[in-house]
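Colleague: Got a file for you: entry15.tsv, TSV, C-alpha atoms and all ligand atoms.
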chain	number	residue	atom	x	y	z
U	1380	MET	CA	4.40	27.90	-1.84
U	1381	ALA	CA	5.15	29.76	-5.09
U	1382	TYR	CA	6.57	27.77	-8.01
U	1383	ASP	CA	10.37	27.86	-7.88
U	1384	PRO	CA	11.78	28.13	-11.45
U	1385	SER	CA	15.17	26.86	-10.25
U	1386	ASN	CA	13.81	23.38	-9.42
U	1387	ILE	CA	15.69	20.55	-11.13
U	1388	PHE	CA	12.94	19.67	-13.62
U	1389	ALA	CA	12.59	23.31	-14.72
U	1390	ARG	CA	16.36	23.26	-15.30
U	1391	ILE	CA	16.05	20.04	-17.34
U	1392	LEU	CA	13.30	21.71	-19.42
U	1393	ARG	CA	15.66	24.64	-20.10
U	1394	SER	CA	18.45	22.14	-21.01
U	1395	GLU	CA	20.62	23.50	-18.21
U	1396	VAL	CA	20.82	19.98	-16.75
U	1397	PRO	CA	21.09	16.85	-18.93
U	1398	CYS	CA	18.62	13.99	-18.94
U	1399	HIS	CA	18.07	10.72	-20.79
U	1400	LYS	CA	15.19	11.83	-22.96
U	1401	VAL	CA	12.51	9.34	-23.94
U	1402	TYR	CA	9.91	11.56	-25.61
U	1403	GLU	CA	9.02	15.21	-26.06
U	1404	ASP	CA	6.35	17.27	-27.74
U	1405	ASP	CA	5.17	20.88	-27.55
U	1406	ASN	CA	3.61	20.40	-24.13
U	1407	THR	CA	5.50	17.63	-22.36
U	1408	LEU	CA	8.83	15.88	-21.78
U	1409	ALA	CA	9.56	12.30	-20.67
U	1410	PHE	CA	12.94	11.18	-19.35
U	1411	MET	CA	14.54	8.45	-17.26
U	1412	ASP	CA	14.42	8.86	-13.47
U	1413	ILE	CA	18.00	9.24	-12.25
U	1414	MET	CA	17.35	6.96	-9.25
U	1415	PRO	CA	15.05	4.36	-10.76
U	1416	GLN	CA	12.79	2.23	-8.57
U	1417	ALA	CA	12.93	-0.39	-11.36
U	1418	ASP	CA	14.39	-0.72	-14.86
U	1419	GLY	CA	12.45	1.61	-17.16
U	1420	HIS	CA	11.31	4.05	-14.43
U	1421	THR	CA	10.41	7.15	-16.42
U	1422	LEU	CA	9.13	10.61	-15.45
U	1423	VAL	CA	6.67	12.67	-17.49
U	1424	ILE	CA	6.44	16.43	-16.93
U	1425	PRO	CA	4.50	19.32	-18.47
U	1426	ARG	CA	6.41	22.23	-19.97
U	1427	THR	CA	3.94	24.51	-18.20
U	1428	PRO	CA	5.20	25.38	-14.72
U	1429	GLY	CA	3.10	24.08	-11.83
U	1430	GLU	CA	4.07	22.56	-8.52
U	1431	ASN	CA	1.33	20.01	-8.25
U	1432	ILE	CA	-2.03	18.78	-9.54
U	1433	HIS	CA	-3.84	21.71	-7.94
U	1434	ASP	CA	-1.76	24.35	-9.72
U	1435	LEU	CA	-1.55	23.08	-13.28
U	1436	PRO	CA	-4.03	24.35	-15.90
U	1437	GLU	CA	-6.39	21.60	-17.05
U	1438	GLU	CA	-5.09	21.47	-20.63
U	1439	ALA	CA	-1.47	21.08	-19.49
U	1440	LEU	CA	-2.51	18.29	-17.13
U	1441	ALA	CA	-4.45	16.56	-19.92
U	1442	ALA	CA	-1.40	16.74	-22.20
U	1443	THR	CA	0.77	15.27	-19.44
U	1444	ILE	CA	-1.49	12.29	-18.83
U	1445	ARG	CA	-1.75	11.70	-22.60
U	1446	THR	CA	2.04	11.50	-22.81
U	1447	THR	CA	2.08	9.29	-19.71
U	1448	GLN	CA	-0.25	6.80	-21.41
U	1449	LYS	CA	1.83	6.88	-24.61
U	1450	VAL	CA	5.16	6.34	-22.84
U	1451	ALA	CA	3.72	3.67	-20.51
U	1452	GLY	CA	2.69	1.76	-23.63
U	1453	ALA	CA	6.23	1.96	-24.97
U	1454	ILE	CA	7.66	0.84	-21.61
U	1455	ARG	CA	5.31	-2.15	-21.67
U	1456	LEU	CA	6.65	-3.15	-25.09
U	1457	ALA	CA	10.28	-2.44	-24.16
U	1458	PHE	CA	10.42	-4.21	-20.78
U	1459	ASP	CA	7.35	-6.48	-20.78
U	1460	PRO	CA	6.72	-6.02	-17.04
U	1461	PRO	CA	3.72	-7.83	-15.54
U	1462	GLY	CA	2.51	-4.54	-14.03
U	1463	ILE	CA	3.08	-0.79	-14.39
U	1464	MET	CA	2.45	1.73	-11.62
U	1465	ILE	CA	1.65	5.37	-12.38
U	1466	ALA	CA	2.27	7.66	-9.38
U	1467	GLN	CA	2.01	11.39	-8.84
U	1468	LEU	CA	2.77	12.98	-5.45
U	1469	ASN	CA	1.47	16.31	-4.17
U	1470	GLY	CA	3.30	18.02	-1.32
U	1471	ALA	CA	6.26	17.01	0.83
U	1472	PRO	CA	4.08	15.06	3.29
U	1473	ALA	CA	2.96	12.92	0.33
U	1474	GLY	CA	6.61	12.30	-0.56
U	1475	GLN	CA	7.02	14.92	-3.29
U	1476	SER	CA	10.64	16.02	-3.50
U	1477	VAL	CA	10.75	17.93	-6.80
U	1478	PHE	CA	8.19	20.73	-6.98
U	1479	HIS	CA	7.35	20.64	-10.69
U	1480	LEU	CA	4.42	18.29	-11.33
U	1481	HIS	CA	5.48	14.87	-12.60
U	1482	PHE	CA	4.07	11.43	-13.21
U	1483	HIS	CA	6.20	8.40	-12.36
U	1484	ILE	CA	5.85	5.39	-14.65
U	1485	VAL	CA	7.30	2.43	-12.78
U	1486	PRO	CA	7.40	-1.14	-14.09
U	1487	ARG	CA	6.42	-3.57	-11.30
U	1488	TYR	CA	7.37	-7.20	-10.89
U	1489	ALA	CA	5.76	-9.83	-8.64
U	1490	GLY	CA	7.73	-10.40	-5.46
U	1491	LYS	CA	9.81	-7.23	-5.84
U	1492	ASP	CA	9.24	-4.80	-2.99
U	1493	PHE	CA	8.56	-1.24	-3.89
U	1494	ARG	CA	10.14	1.72	-2.08
U	1495	MET	CA	8.66	5.15	-2.73
U	1496	ALA	CA	11.85	6.77	-1.44
U	1497	ALA	CA	14.67	7.04	-3.95
U	1498	GLY	CA	17.30	4.34	-4.00
U	1499	GLU	CA	20.66	4.67	-5.68
U	1500	MET	CA	21.85	6.63	-8.68
U	1501	ALA	CA	21.74	4.49	-11.80
U	1502	ASP	CA	24.68	4.01	-14.17
U	1503	PRO	CA	24.22	6.68	-16.92
U	1504	ALA	CA	25.08	4.12	-19.62
U	1505	VAL	CA	22.27	1.87	-18.39
U	1506	LEU	CA	19.81	4.79	-18.38
U	1507	ALA	CA	20.84	5.71	-21.92
U	1508	GLU	CA	20.23	2.15	-23.09
U	1509	HIS	CA	16.85	1.99	-21.34
U	1510	ALA	CA	15.78	5.33	-22.88
U	1511	ALA	CA	16.72	4.02	-26.33
U	1512	ARG	CA	14.74	0.82	-25.75
U	1513	ILE	CA	11.61	2.82	-24.88
U	1514	ARG	CA	12.10	5.29	-27.76
U	1515	ALA	CA	12.21	2.36	-30.16
U	1516	HIS	CA	8.53	1.75	-29.37
U	1517	LEU	CA	7.31	5.34	-29.79
Q	1601	LIG	P1	9.01	12.82	-6.24
Q	1601	LIG	O1	9.49	12.19	-4.96
Q	1601	LIG	O2	9.07	14.32	-6.19
Q	1601	LIG	O3	7.67	12.30	-6.68
Q	1601	LIG	O4	10.01	12.31	-7.36
Q	1601	LIG	C1	11.11	13.01	-7.80
Q	1601	LIG	C2	11.91	12.03	-8.64
Q	1601	LIG	O5	12.87	12.79	-9.37
Q	1601	LIG	C3	12.68	10.99	-7.85
Q	1601	LIG	O6	12.27	9.69	-8.25
Q	1601	LIG	C4	14.15	11.26	-8.20
Q	1601	LIG	O7	14.90	10.08	-8.35
Q	1601	LIG	C5	14.04	12.03	-9.49
Q	1601	LIG	N1	15.12	12.99	-9.71
Q	1601	LIG	C6	15.63	13.87	-8.80
Q	1601	LIG	N2	16.60	14.62	-9.36
Q	1601	LIG	C7	16.70	14.20	-10.65
Q	1601	LIG	C8	17.55	14.60	-11.74
Q	1601	LIG	O8	18.40	15.47	-11.64
Q	1601	LIG	N3	17.37	13.95	-12.92
Q	1601	LIG	C9	16.43	12.96	-13.07
Q	1601	LIG	N4	16.35	12.39	-14.27
Q	1601	LIG	N5	15.62	12.56	-12.07
Q	1601	LIG	C10	15.77	13.17	-10.88
Is it possible to give me this structure as structure tokens?
Ligand code: 5GP
Modeller:
Amino acid sequence: MAYDPSNIFARILRSEVPCHKVYEDDNTLAFMDIMPQADGHTLVIPRTPGENIHDLPEEALAATIRTTQKVAGAIRLAFDPPGIMIAQLNGAPAGQSVFHLHFHIVPRYAGKDFRMAAGEMADPAVLAEHAARIRAHL
């Protein structure tokens, strides 16, 4: 499948759709997931278009994982979760629903079940506060 430049993350990159931004640099953008699996659930995307891990040039992928490590560190300081899951899905059968490569950073807590499928939309004010908490550690 060819990369579709009208996908929601491409639109966020072009500032056509708002997001709660956590971090950005020349190559990457990190923002709060609109339907968080847990408080602090953040997405990291490359600016370079690519549907999945197979399509993205190596340098763009390296930049994305560097930002993922950096933001995960800030999430650890901001939320102090006992665990953090990094997830990246390739293809609809794997659960991918937005076809611009992204890494999920999801704080995990003992005894809290994890659902890969999206839950409910979060309150935008809560997302804004969580983004600010993470930014404070970057
Ligand atoms: P996937 O299932 O493709 O790995 O994950 C896509 C993620 O994007 C989901 O967790 C979903 O909640 C999130 N998402 C979908 N649309 C939007 C949006 O418009 N804004 C933000 N911030 N996240 C979105």
Colleague: Just checking: using all atoms listed in the file, which residue out of U:Ala1501, U:Ala1381, U:Val1423, U:Leu1435 ends up closest to Ala1451 in chain U?
Modeller: U:Val1423
Colleague: Which value, in Å to one decimal, gives the distance between CA of Arg1390 in chain U and atom O8 of ligand LIG 1601 (chain Q)?
Modeller: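 These atoms are spaced 8.8 Å apart.
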Colleague: If you count all atoms listed in the file, which residues end up within 9 Å of ligand LIG 1601 (chain Q), as a PyMOL selection string?
Modeller: chain U and resi 1387-1388+1390-1391+1396-1400+1410-1416+1420-1422+1466-1471+1473-1483+1495-1500
Colleague: Of the candidates U:Leu1408, U:Ala1507, U:Leu1517, U:Ala1417, which one gets nearest to Arg1487 in chain U if we count only C-alpha atoms?
Modeller: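 Ranked by minimum distance to Arg1487 in chain U, first place goes to U:Ala1417.
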Colleague: Give me, please, the distance in Å between CA of Ala1515 in chain U and CA of Ala1453 in chain U, quoted to one decimal.
Modeller: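 Here the two named atoms are 7.9 Å from each other.
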Colleague: Kindly indicate which residue among U:Pro1472, U:Pro1486, U:Pro1436, U:Gly1429 lies nearest to Gly1452 in chain U, using only C-alpha atoms for the distances.
Modeller: U:Pro1486
Colleague: Could you work out how far CA of Ile1454 in chain U lies from CA of His1516 in chain U, giving the answer in Å with one decimal?
Modeller: 7.9 Å
Colleague: Rank nothing, just name the residue among U:Ile1484, U:Leu1392, U:Val1450, U:Ala1457 nearest to His1509 in chain U, using only C-alpha atoms.
Modeller: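 Looking only at the distances to His1509 in chain U, the closest residue turns out to be U:Ala1457.
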